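Heads up, input03.pdb below (PDB, C-alpha atoms and all ligand atoms):
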ATOM      1  CA  MET A  20      21.810  10.299  15.035
ATOM      2  CA  ALA A  21      18.800   8.086  14.421
ATOM      3  CA  ARG A  22      18.430   5.655  11.569
ATOM      4  CA  LEU A  23      15.007   5.067  10.005
ATOM      5  CA  ALA A  24      13.533   2.942   7.231
ATOM      6  CA  ILE A  25      10.121   3.837   5.818
ATOM      7  CA  LYS A  26       8.005   0.825   4.853
ATOM      8  CA  VAL A  27       4.922   1.571   2.781
ATOM      9  CA  ASP A  28       2.057  -0.919   2.661
ATOM     10  CA  VAL A  29      -0.388  -0.612  -0.225
ATOM     11  CA  ASP A  30      -3.598  -2.420   0.700
ATOM     12  CA  THR A  31      -6.342  -0.980  -1.521
ATOM     13  CA  LEU A  32      -7.037   0.262  -5.039
ATOM     14  CA  ARG A  33      -7.654   3.775  -3.740
ATOM     15  CA  GLY A  34      -4.380   3.758  -1.814
ATOM     16  CA  TYR A  35      -2.623   2.532  -4.956
ATOM     17  CA  LEU A  36      -4.153   5.012  -7.413
ATOM     18  CA  GLU A  37      -4.282   8.090  -5.183
ATOM     19  CA  GLY A  38      -1.913   7.519  -2.275
ATOM     20  CA  VAL A  39       1.167   6.003  -3.921
ATOM     21  CA  PRO A  40       1.669   8.765  -6.548
ATOM     22  CA  ARG A  41       1.490  11.429  -3.821
ATOM     23  CA  MET A  42       3.910   9.514  -1.631
ATOM     24  CA  LEU A  43       6.339   9.063  -4.541
ATOM     25  CA  ALA A  44       6.245  12.827  -5.133
ATOM     26  CA  LEU A  45       6.830  13.447  -1.421
ATOM     27  CA  PHE A  46       9.780  11.033  -1.284
ATOM     28  CA  LYS A  47      11.254  12.690  -4.354
ATOM     29  CA  ARG A  48      10.994  16.149  -2.766
ATOM     30  CA  GLN A  49      12.605  14.792   0.396
ATOM     31  CA  GLY A  50      15.272  12.711  -1.362
ATOM     32  CA  ILE A  51      14.164   9.594   0.537
ATOM     33  CA  ARG A  52      14.184   5.993  -0.711
ATOM     34  CA  ALA A  53      11.497   3.799   0.824
ATOM     35  CA  SER A  54      10.546   0.119   0.744
ATOM     36  CA  ILE A  55       7.112  -0.181  -0.863
ATOM     37  CA  PHE A  56       5.008  -3.351  -0.669
ATOM     38  CA  PHE A  57       2.098  -3.656  -3.067
ATOM     39  CA  SER A  58      -1.098  -5.665  -2.944
ATOM     40  CA  PHE A  59      -1.271  -6.770  -6.584
ATOM     41  CA  GLY A  60      -4.594  -8.549  -7.003
ATOM     42  CA  PRO A  61      -8.215  -8.089  -5.892
ATOM     43  CA  ASP A  62      -9.186  -5.342  -3.483
ATOM     44  CA  ASN A  63     -11.543  -7.277  -1.203
ATOM     45  CA  SER A  64     -11.611  -4.590   1.505
ATOM     46  CA  GLY A  65     -15.373  -5.002   2.015
ATOM     47  CA  LYS A  66     -14.794  -8.541   3.267
ATOM     48  CA  ALA A  67     -12.785  -7.152   6.186
ATOM     49  CA  ILE A  68     -16.211  -6.717   7.776
ATOM     50  CA  ARG A  69     -15.641 -10.349   8.893
ATOM     51  CA  ARG A  70     -13.362  -8.832  11.541
ATOM     52  CA  ILE A  71     -16.314  -7.038  13.131
ATOM     53  CA  PHE A  72     -16.595  -9.624  15.917
ATOM     54  CA  ARG A  73     -12.928  -9.358  16.878
ATOM     55  CA  PRO A  74     -12.238  -7.392  20.027
ATOM     56  CA  GLY A  75     -10.989  -3.919  19.205
ATOM     57  CA  PHE A  76     -12.181  -3.841  15.595
ATOM     58  CA  ILE A  77     -15.087  -1.423  15.981
ATOM     59  CA  SER A  78     -13.219   0.941  18.284
ATOM     60  CA  LYS A  79     -10.366   1.051  15.785
ATOM     61  CA  MET A  80     -12.723   1.762  12.875
ATOM     62  CA  MET A  81     -14.229   4.651  14.831
ATOM     63  CA  ARG A  82     -10.948   6.001  16.177
ATOM     64  CA  THR A  83      -9.421   6.105  12.694
ATOM     65  CA  LYS A  84     -12.635   7.353  11.020
ATOM     66  CA  ALA A  85     -12.394   4.376   8.664
ATOM     67  CA  PRO A  86     -15.189   5.332   6.211
ATOM     68  CA  SER A  87     -13.589   8.701   5.416
ATOM     69  CA  THR A  88     -10.039   7.305   5.438
ATOM     70  CA  TYR A  89     -10.746   4.392   3.127
ATOM     71  CA  GLY A  90     -13.720   5.761   1.172
ATOM     72  CA  LEU A  91     -17.141   4.136   1.174
ATOM     73  CA  LYS A  92     -16.563   2.431  -2.163
ATOM     74  CA  THR A  93     -13.481   0.643  -0.790
ATOM     75  CA  LEU A  94     -15.520  -0.663   2.140
ATOM     76  CA  MET A  95     -17.899  -2.364  -0.332
ATOM     77  CA  TYR A  96     -15.297  -4.000  -2.627
ATOM     78  CA  GLY A  97     -15.677  -7.762  -2.631
ATOM     79  CA  THR A  98     -19.190  -7.616  -1.131
ATOM     80  CA  LEU A  99     -21.683  -5.152  -2.631
ATOM     81  CA  LEU A 100     -19.238  -4.176  -5.384
ATOM     82  CA  PRO A 101     -16.986  -6.562  -7.343
ATOM     83  CA  ALA A 102     -13.359  -6.646  -6.196
ATOM     84  CA  PRO A 103     -11.201  -4.678  -8.678
ATOM     85  CA  LEU A 104      -7.630  -5.845  -9.435
ATOM     86  CA  ILE A 105      -5.239  -3.308  -7.944
ATOM     87  CA  VAL A 106      -1.971  -3.231  -9.927
ATOM     88  CA  PRO A 107      -3.470  -4.197 -13.340
ATOM     89  CA  THR A 108      -5.631  -1.055 -13.111
ATOM     90  CA  ASP A 109      -2.474   1.030 -13.685
ATOM     91  CA  PRO A 110       0.799  -0.968 -13.717
ATOM     92  CA  ALA A 111       2.784   2.214 -14.441
ATOM     93  CA  ILE A 112       2.579   3.176 -10.753
ATOM     94  CA  VAL A 113       4.686   0.172  -9.699
ATOM     95  CA  ARG A 114       7.133   0.993 -12.483
ATOM     96  CA  ARG A 115       7.399   4.593 -11.293
ATOM     97  CA  ALA A 116       8.147   3.397  -7.760
ATOM     98  CA  LEU A 117      10.971   1.255  -9.094
ATOM     99  CA  GLU A 118      12.297   4.049 -11.308
ATOM    100  CA  GLY A 119      12.185   6.363  -8.295
ATOM    101  CA  GLY A 120      14.860   4.164  -6.703
ATOM    102  CA  HIS A 121      12.559   2.565  -4.124
ATOM    103  CA  GLU A 122      12.587  -1.059  -3.089
ATOM    104  CA  VAL A 123       9.490  -2.702  -4.507
ATOM    105  CA  GLY A 124       8.139  -5.835  -2.886
ATOM    106  CA  ILE A 125       5.035  -7.970  -2.641
ATOM    107  CA  HIS A 126       2.527  -7.348   0.141
ATOM    108  CA  ALA A 127      -0.046  -9.836  -1.145
ATOM    109  CA  TRP A 128      -2.100 -11.031  -4.068
ATOM    110  CA  ASP A 129      -5.309 -10.776  -2.002
ATOM    111  CA  HIS A 130      -4.555  -8.823   1.201
ATOM    112  CA  VAL A 131      -7.851  -9.403   3.009
ATOM    113  CA  TYR A 132      -7.936 -13.122   2.222
ATOM    114  CA  VAL A 133      -4.386 -13.766   3.431
ATOM    115  CA  GLN A 134      -4.775 -11.555   6.497
ATOM    116  CA  ASP A 135      -8.057 -13.114   7.611
ATOM    117  CA  CYS A 136      -7.765 -16.745   6.502
ATOM    118  CA  LEU A 137      -4.058 -17.508   6.880
ATOM    119  CA  GLU A 138      -4.512 -20.397   9.309
ATOM    120  CA  ARG A 139      -6.211 -22.456   6.602
ATOM    121  CA  ILE A 140      -3.833 -21.531   3.757
ATOM    122  CA  SER A 141      -1.309 -24.284   2.944
ATOM    123  CA  LYS A 142       2.172 -23.560   1.647
ATOM    124  CA  GLU A 143       1.031 -24.698  -1.815
ATOM    125  CA  GLU A 144      -1.940 -22.342  -1.847
ATOM    126  CA  TYR A 145       0.187 -19.525  -0.454
ATOM    127  CA  LEU A 146       2.761 -20.056  -3.208
ATOM    128  CA  SER A 147       0.102 -20.175  -5.920
ATOM    129  CA  LEU A 148      -1.217 -16.784  -4.722
ATOM    130  CA  TYR A 149       2.333 -15.467  -4.537
ATOM    131  CA  ARG A 150       3.048 -16.620  -8.100
ATOM    132  CA  LYS A 151       0.174 -14.500  -9.409
ATOM    133  CA  ALA A 152       1.672 -11.384  -7.863
ATOM    134  CA  GLU A 153       5.156 -12.459  -8.923
ATOM    135  CA  ALA A 154       4.095 -12.852 -12.574
ATOM    136  CA  LEU A 155       2.755  -9.297 -12.649
ATOM    137  CA  TYR A 156       5.835  -8.070 -10.819
ATOM    138  CA  LYS A 157       8.125  -9.672 -13.413
ATOM    139  CA  ASP A 158       6.128  -8.165 -16.284
ATOM    140  CA  ILE A 159       6.475  -4.705 -14.814
ATOM    141  CA  CYS A 160       9.927  -4.813 -13.215
ATOM    142  CA  GLY A 161      11.711  -7.230 -15.542
ATOM    143  CA  ARG A 162      12.999  -9.397 -12.695
ATOM    144  CA  ALA A 163      11.710 -11.483  -9.795
ATOM    145  CA  PRO A 164      10.882  -9.806  -6.469
ATOM    146  CA  THR A 165      13.254 -10.410  -3.549
ATOM    147  CA  GLU A 166      11.291  -8.934  -0.658
ATOM    148  CA  ILE A 167       7.936  -9.457   0.982
ATOM    149  CA  ALA A 168       5.846  -8.040   3.828
ATOM    150  CA  ALA A 169       2.979 -10.006   5.390
ATOM    151  CA  PRO A 170      -0.516  -8.468   5.358
ATOM    152  CA  GLY A 171      -1.575  -7.450   8.859
ATOM    153  CA  TRP A 172       1.594  -9.036  10.318
ATOM    154  CA  GLN A 173      -0.021 -12.468  10.049
ATOM    155  CA  LEU A 174       2.388 -15.371   9.891
ATOM    156  CA  SER A 175       2.427 -19.167   9.749
ATOM    157  CA  HIS A 176       4.867 -21.995   9.124
ATOM    158  CA  ALA A 177       3.468 -22.184   5.589
ATOM    159  CA  VAL A 178       4.495 -18.569   4.934
ATOM    160  CA  LEU A 179       7.951 -18.938   6.502
ATOM    161  CA  GLU A 180       8.597 -22.132   4.540
ATOM    162  CA  ALA A 181       7.428 -20.516   1.300
ATOM    163  CA  GLU A 182       9.689 -17.497   1.837
ATOM    164  CA  GLN A 183      12.634 -19.815   2.380
ATOM    165  CA  GLU A 184      11.797 -21.834  -0.723
ATOM    166  CA  LEU A 185      11.584 -18.613  -2.749
ATOM    167  CA  GLY A 186      15.026 -17.595  -1.480
ATOM    168  CA  LEU A 187      13.931 -14.057  -0.638
ATOM    169  CA  ALA A 188      16.519 -11.496   0.505
ATOM    170  CA  TYR A 189      14.367 -10.503   3.474
ATOM    171  CA  ALA A 190      10.830 -10.420   4.825
ATOM    172  CA  SER A 191       9.154  -7.802   6.987
ATOM    173  CA  ASP A 192       6.367  -9.819   8.589
ATOM    174  CA  VAL A 193       6.624  -8.974  12.262
ATOM    175  CA  ARG A 194       6.600  -6.240  14.871
ATOM    176  CA  GLY A 195       9.686  -6.004  17.017
ATOM    177  CA  TYR A 196      12.870  -4.123  17.766
ATOM    178  CA  SER A 197      15.807  -5.341  15.629
ATOM    179  CA  PRO A 198      16.562  -7.413  12.471
ATOM    180  CA  PHE A 199      16.931 -11.168  13.156
ATOM    181  CA  MET A 200      16.845 -14.695  11.768
ATOM    182  CA  PRO A 201      13.479 -16.193  12.674
ATOM    183  CA  VAL A 202      12.632 -19.114  14.946
ATOM    184  CA  PHE A 203       8.919 -19.939  15.124
ATOM    185  CA  GLU A 204       7.593 -22.621  17.464
ATOM    186  CA  GLY A 205      11.009 -24.262  17.555
ATOM    187  CA  MET A 206      11.586 -24.215  13.772
ATOM    188  CA  GLU A 207      14.474 -22.180  12.351
ATOM    189  CA  TYR A 208      14.056 -20.355   9.047
ATOM    190  CA  GLY A 209      16.601 -18.824   6.685
ATOM    191  CA  VAL A 210      15.093 -15.525   5.479
ATOM    192  CA  PRO A 211      15.998 -12.479   7.624
ATOM    193  CA  GLN A 212      13.125 -10.662   9.297
ATOM    194  CA  ILE A 213      13.240  -6.853   9.421
ATOM    195  CA  PRO A 214      10.569  -5.909  11.981
ATOM    196  CA  THR A 215       8.473  -2.767  12.143
ATOM    197  CA  THR A 216       9.554  -1.075  15.378
ATOM    198  CA  LEU A 217       7.191   1.923  15.594
ATOM    199  CA  PRO A 218       3.419   1.949  16.104
ATOM    200  CA  THR A 219       1.404   2.603  12.943
ATOM    201  CA  MET A 220      -0.740   5.699  12.668
ATOM    202  CA  ASP A 221      -3.979   3.723  12.770
ATOM    203  CA  GLU A 222      -2.875   2.099  16.040
ATOM    204  CA  ILE A 223      -2.280   5.333  17.908
ATOM    205  CA  TYR A 224      -4.456   7.882  16.124
ATOM    206  CA  GLY A 225      -7.216   9.167  18.400
ATOM    207  CA  LEU A 226      -5.636   7.818  21.589
ATOM    208  CA  PRO A 227      -5.446  10.443  24.368
ATOM    209  CA  GLY A 228      -3.092  13.237  23.295
ATOM    210  CA  ILE A 229      -2.416  11.725  19.867
ATOM    211  CA  ASN A 230      -3.606  13.821  16.935
ATOM    212  CA  ASP A 231      -2.378  15.296  13.646
ATOM    213  CA  VAL A 232      -0.138  17.739  15.503
ATOM    214  CA  THR A 233       1.376  15.327  18.031
ATOM    215  CA  ILE A 234       1.866  12.201  15.891
ATOM    216  CA  PRO A 235       5.205  13.342  14.400
ATOM    217  CA  LYS A 236       6.639  13.859  17.888
ATOM    218  CA  ALA A 237       5.256  10.524  19.117
ATOM    219  CA  TRP A 238       7.079   8.774  16.263
ATOM    220  CA  LEU A 239      10.296  10.757  16.826
ATOM    221  CA  ASP A 240      10.204   9.828  20.527
ATOM    222  CA  GLY A 241       9.734   6.176  19.541
ATOM    223  CA  MET A 242      12.845   6.133  17.326
ATOM    224  CA  ASP A 243      15.041   4.816  20.124
ATOM    225  CA  LYS A 244      16.199   1.589  18.421
ATOM    226  CA  GLU A 245      19.320   1.002  16.362
ATOM    227  CA  TRP A 246      17.253  -0.115  13.339
ATOM    228  CA  ASN A 247      14.011   1.884  13.431
ATOM    229  CA  VAL A 248      11.259   0.953  10.966
ATOM    230  CA  LEU A 249       8.025   2.885  10.437
ATOM    231  CA  THR A 250       5.185   1.297   8.462
ATOM    232  CA  VAL A 251       2.877   3.779   6.733
ATOM    233  CA  HIS A 252      -0.171   3.055   4.588
ATOM    234  CA  ALA A 253      -0.769   4.463   1.110
ATOM    235  CA  GLU A 254      -4.467   4.792   1.946
ATOM    236  CA  MET A 255      -3.805   6.873   5.072
ATOM    237  CA  GLU A 256      -0.453   8.701   5.093
ATOM    238  CA  GLY A 257      -0.663   8.913   1.278
ATOM    239  CA  ILE A 258      -4.090  10.586   1.184
ATOM    240  CA  SER A 259      -5.795  12.287   4.143
ATOM    241  CA  LYS A 260      -2.701  12.241   6.402
ATOM    242  CA  LEU A 261      -0.107  13.216   3.804
ATOM    243  CA  THR A 262       0.591  16.558   5.508
ATOM    244  CA  VAL A 263       1.067  14.869   8.891
ATOM    245  CA  PHE A 264       3.484  12.413   7.289
ATOM    246  CA  GLU A 265       5.337  15.234   5.523
ATOM    247  CA  ASN A 266       5.627  17.151   8.813
ATOM    248  CA  PHE A 267       7.114  14.058  10.419
ATOM    249  CA  LEU A 268       9.665  13.607   7.609
ATOM    250  CA  ASN A 269      10.630  17.302   7.838
ATOM    251  CA  MET A 270      11.153  17.038  11.587
ATOM    252  CA  ALA A 271      13.091  13.779  11.278
ATOM    253  CA  LYS A 272      15.349  15.304   8.630
ATOM    254  CA  ALA A 273      15.869  18.449  10.694
ATOM    255  CA  LEU A 274      17.077  16.207  13.519
ATOM    256  CA  GLY A 275      19.584  14.559  11.183
ATOM    257  CA  THR A 276      17.816  11.207  10.759
ATOM    258  CA  GLU A 277      19.494   8.913   8.236
ATOM    259  CA  PHE A 278      17.041   7.201   5.914
ATOM    260  CA  HIS A 279      17.663   3.641   4.748
ATOM    261  CA  THR A 280      15.703   0.912   3.012
ATOM    262  CA  LEU A 281      14.788  -2.384   4.647
ATOM    263  CA  GLY A 282      17.106  -4.128   2.179
ATOM    264  CA  GLU A 283      20.011  -2.048   3.459
ATOM    265  CA  TYR A 284      19.113  -3.087   7.016
ATOM    266  CA  ALA A 285      19.066  -6.746   5.933
ATOM    267  CA  ARG A 286      22.555  -6.382   4.484
ATOM    268  CA  GLU A 287      24.073  -4.236   7.237
ATOM    269  CA  ALA A 288      22.569  -5.440  10.528
ATOM    270  CA  SER A 289      23.961  -8.406  12.432
ATOM    271  CA  LEU A 290      21.241 -11.040  12.357
ATOM    272  CA  PRO A 291      21.029 -13.021  15.588
ATOM    273  CA  ARG A 292      18.411 -15.759  15.983
ATOM    274  CA  GLY A 293      15.161 -14.391  17.377
ATOM    275  CA  GLU A 294      11.870 -15.941  18.289
ATOM    276  CA  ILE A 295       8.519 -15.027  16.753
ATOM    277  CA  VAL A 296       5.410 -15.335  18.922
ATOM    278  CA  MET A 297       1.787 -14.499  18.184
ATOM    279  CA  GLY A 298       0.624 -11.741  20.526
ATOM    280  CA  THR A 299      -1.448  -8.579  20.768
ATOM    281  CA  LEU A 300      -0.546  -4.917  20.362
ATOM    282  CA  THR A 301      -2.390  -1.854  21.650
ATOM    283  CA  GLY A 302      -4.632  -0.403  18.957
ATOM    284  CA  ARG A 303      -4.701  -3.493  16.743
ATOM    285  CA  ALA A 304      -7.535  -6.050  16.672
ATOM    286  CA  GLY A 305      -6.659  -9.737  17.044
ATOM    287  CA  THR A 306      -3.203 -11.284  17.249
ATOM    288  CA  LEU A 307      -0.128 -10.649  15.128
ATOM    289  CA  ALA A 308       3.466 -11.834  14.789
ATOM    290  CA  ILE A 309       5.805 -10.253  17.323
ATOM    291  CA  GLN A 310       9.537 -10.630  17.913
ATOM    292  CA  ARG A 311      10.019 -11.937  21.443
ATOM    293  CA  GLN A 312      11.938  -9.532  23.615
ATOM    294  CA  THR A 313      15.134 -11.225  24.822
ATOM    295  CA  ASP A 314      17.921  -9.379  26.692
ATOM    296  CA  ALA A 315      17.545  -6.027  28.448
ATOM    297  CA  ARG A 316      16.461  -4.035  25.387
TER     298      ARG A 316
HETATM  299 ZN    ZN B   1      -1.402  -4.160   4.568
END
Show how you would write the structure in this file as structure tokens.
Ligand SMILES: [Zn+2]
Amino acid sequence: MARLAIKVDVDTLRGYLEGVPRMLALFKRQGIRASIFFSFGPDNSGKAIRRIFRPGFISKMMRTKAPSTYGLKTLMYGTLLPAPLIVPTDPAIVRRALEGGHEVGIHAWDHVYVQDCLERISKEEYLSLYRKAEALYKDICGRAPTEIAAPGWQLSHAVLEAEQELGLAYASDVRGYSPFMPVFEGMEYGVPQIPTTLPTMDEIYGLPGINDVTIPKAWLDGMDKEWNVLTVHAEMEGISKLTVFENFLNMAKALGTEFHTLGEYAREASLPRGEIVMGTLTGRAGTLAIQRQTDAR
């Protein structure tokens, strides 16, 4: 019987306002608890246009029909339109996620900025951005957050050091195959990493043979690890691909899949040391943090 944790990333105002409520209703119908990571501050999605010169960016935008998935307005936030603040627009949505029994964590204060400019962000700057999200989180949830997930799986020593300083219960910053204690460029860190093991919808959608009908099976076939993690996006699986996501959950449940949260993984899995490297993944532009494959897994 397979084990699966659903990780939800909330990147945009539209995903937050429209996608998250629908996903919460879906999880309630299915009796599933997820781990949901919110972008709290400005939606600067329009600035992601900076990625246009990265290999793979344009093909991904076309493959995933980005303008209809994200909405034209979203693609102008932070450039032609001012960047709206995501969680302050309707803090009750975060509260409802918490009340629904889900794990609620921080994805970012400013997703696009951290994802695109991480190499020049110091630990101090990273922490000052984090504190803004944390303050909102505390107002809404009545306690400090204990979990985090890096935007776009971008990672640096500054981030790993900050996470350790914050004493977080776990972080989900990398792609990989099994929970581990991170080593990055020879430095050991103390916050467990719970990697995303499955490809995201935007990485595989539109590849040969991969469509709305076949995606659920592709994910089920990929659930061959002991600690499977699927990352979904509020702006995609929560809006235009909600039915595809629901079909997948129905099929997974019919096959007896056990659903867990990332926090449960962090508590239950053995956590050997594992190395993080920056590498590339099919369907994703640029480099991202990947757990190095060790033994014959
Ligand atoms: Zn994200």
- Do you know which residues are within 6 Å of ligand ZN 1 (chain B) using only C-alpha atoms and all ligand atoms? Can you write them as a list of chain:residue names? A:Asp28, A:Asp30, A:Pro170, A:Gly171
Using all atoms of range 186-190 of chain A listed in the file and a margin of 3 Å per side, can you give the axis-aligned box centre and edge lengths in Å to one decimal, as lines of an AutoDock Vina configuration file?
center_x = 13.7
center_y = -14.0
center_z = 1.7
size_x = 11.7
size_y = 13.2
size_z = 12.3
Residues matched by the PyMOL selection byres (((chain A and resi 275) around 12) and not hetatm), written as a PyMOL selection string: chain A and resi 20-23+239+268-274+276-278
Write the residues you've just listed into a file as a short mmCIF file (atom, residue, chain, number, x, y, z; two decimals), in the coordinates of the input, and include C-alpha atoms for each of them.
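The result, stored in part_24.cif:
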data_model
loop_
_atom_site.label_atom_id
_atom_site.label_comp_id
_atom_site.auth_asym_id
_atom_site.auth_seq_id
_atom_site.Cartn_x
_atom_site.Cartn_y
_atom_site.Cartn_z
CA MET A 20 21.81 10.30 15.04
CA ALA A 21 18.80 8.09 14.42
CA ARG A 22 18.43 5.66 11.57
CA LEU A 23 15.01 5.07 10.01
CA LEU A 239 10.30 10.76 16.83
CA LEU A 268 9.66 13.61 7.61
CA ASN A 269 10.63 17.30 7.84
CA MET A 270 11.15 17.04 11.59
CA ALA A 271 13.09 13.78 11.28
CA LYS A 272 15.35 15.30 8.63
CA ALA A 273 15.87 18.45 10.69
CA LEU A 274 17.08 16.21 13.52
CA THR A 276 17.82 11.21 10.76
CA GLU A 277 19.49 8.91 8.24
CA PHE A 278 17.04 7.20 5.91
#
- Tell me, as a PyMOL selection string, which residues lie within 8 Å of Gly298 in chain A, counting only C-alpha atoms; anything in the same chain fewer than 5 positions away does not count. chain A and resi 306-309
Students should find that CA of Val131 in chain A and CA of Ser64 in chain A are spaced 6.3 Å
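The smallest atom-to-atom distance between Val27 in chain A and any of A:Gly257, A:Gly119, A:Gly228, A:Gly293, using all atoms listed in the file, is found for A:Gly257.
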- prompt: Residues picked by the PyMOL selection byres (((chain A and resi 218) around 10) and not hetatm) here, as a ChimeraX atom specification?
  reply: /A:194,215-217,219-224,237-238,241,248-251,300-303
Shortest contact to Ala44 in chain A, candidates A:Tyr284, A:Leu99, A:Ile112, A:Leu226, atoms counted only C-alpha atoms, goes to A:Ile112
Run the PyMOL selection byres (((chain A and resi 165) around 9) and not hetatm) against the file shown and list the residues it catches, as a PDB file with C-alpha atoms, keeping the file's coordinate frame.
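Output file selection23.pdb follows:
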ATOM      1  CA  VAL A 123       9.490  -2.702  -4.507  1.00  0.00           C
ATOM      2  CA  GLY A 124       8.139  -5.835  -2.886  1.00  0.00           C
ATOM      3  CA  ILE A 125       5.035  -7.970  -2.641  1.00  0.00           C
ATOM      4  CA  ALA A 163      11.710 -11.483  -9.795  1.00  0.00           C
ATOM      5  CA  PRO A 164      10.882  -9.806  -6.469  1.00  0.00           C
ATOM      6  CA  GLU A 166      11.291  -8.934  -0.658  1.00  0.00           C
ATOM      7  CA  ILE A 167       7.936  -9.457   0.982  1.00  0.00           C
ATOM      8  CA  LEU A 185      11.584 -18.613  -2.749  1.00  0.00           C
ATOM      9  CA  GLY A 186      15.026 -17.595  -1.480  1.00  0.00           C
ATOM     10  CA  LEU A 187      13.931 -14.057  -0.638  1.00  0.00           C
ATOM     11  CA  ALA A 188      16.519 -11.496   0.505  1.00  0.00           C
ATOM     12  CA  TYR A 189      14.367 -10.503   3.474  1.00  0.00           C
ATOM     13  CA  ALA A 190      10.830 -10.420   4.825  1.00  0.00           C
TER      14      ALA A 190
END
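Taking CA of Pro198 in chain A and CA of Tyr35 in chain A as the two end points, the separation is 27.8 Å.
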I'd like the interatomic distance between CA of Ala168 in chain A and CA of Val232 in chain A, to a tenth of an Å.
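Separation of CA of Ala168 in chain A and CA of Val232 in chain A: 28.9 Å.
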Show me the residues around (-10.8, -3.4, -9.6) - criterion: an atom at most 8 Å away, all atoms listed in the file counted - as a PDB file with C-alpha atoms, keeping the file's coordinate frame.
ATOM      1  CA  LEU A  32      -7.037   0.262  -5.039  1.00  0.00           C
ATOM      2  CA  PRO A  61      -8.215  -8.089  -5.892  1.00  0.00           C
ATOM      3  CA  ASP A  62      -9.186  -5.342  -3.483  1.00  0.00           C
ATOM      4  CA  PRO A 101     -16.986  -6.562  -7.343  1.00  0.00           C
ATOM      5  CA  ALA A 102     -13.359  -6.646  -6.196  1.00  0.00           C
ATOM      6  CA  PRO A 103     -11.201  -4.678  -8.678  1.00  0.00           C
ATOM      7  CA  LEU A 104      -7.630  -5.845  -9.435  1.00  0.00           C
ATOM      8  CA  ILE A 105      -5.239  -3.308  -7.944  1.00  0.00           C
ATOM      9  CA  THR A 108      -5.631  -1.055 -13.111  1.00  0.00           C
TER      10      THR A 108
END
#### Entry: Residue nearest Asp240 in chain A among A:Gly34, A:Pro227, A:Phe267, A:Lys26 (counting only C-alpha atoms)
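Ranking A:Gly34, A:Pro227, A:Phe267, A:Lys26 by distance to Asp240 in chain A, first place goes to A:Phe267.
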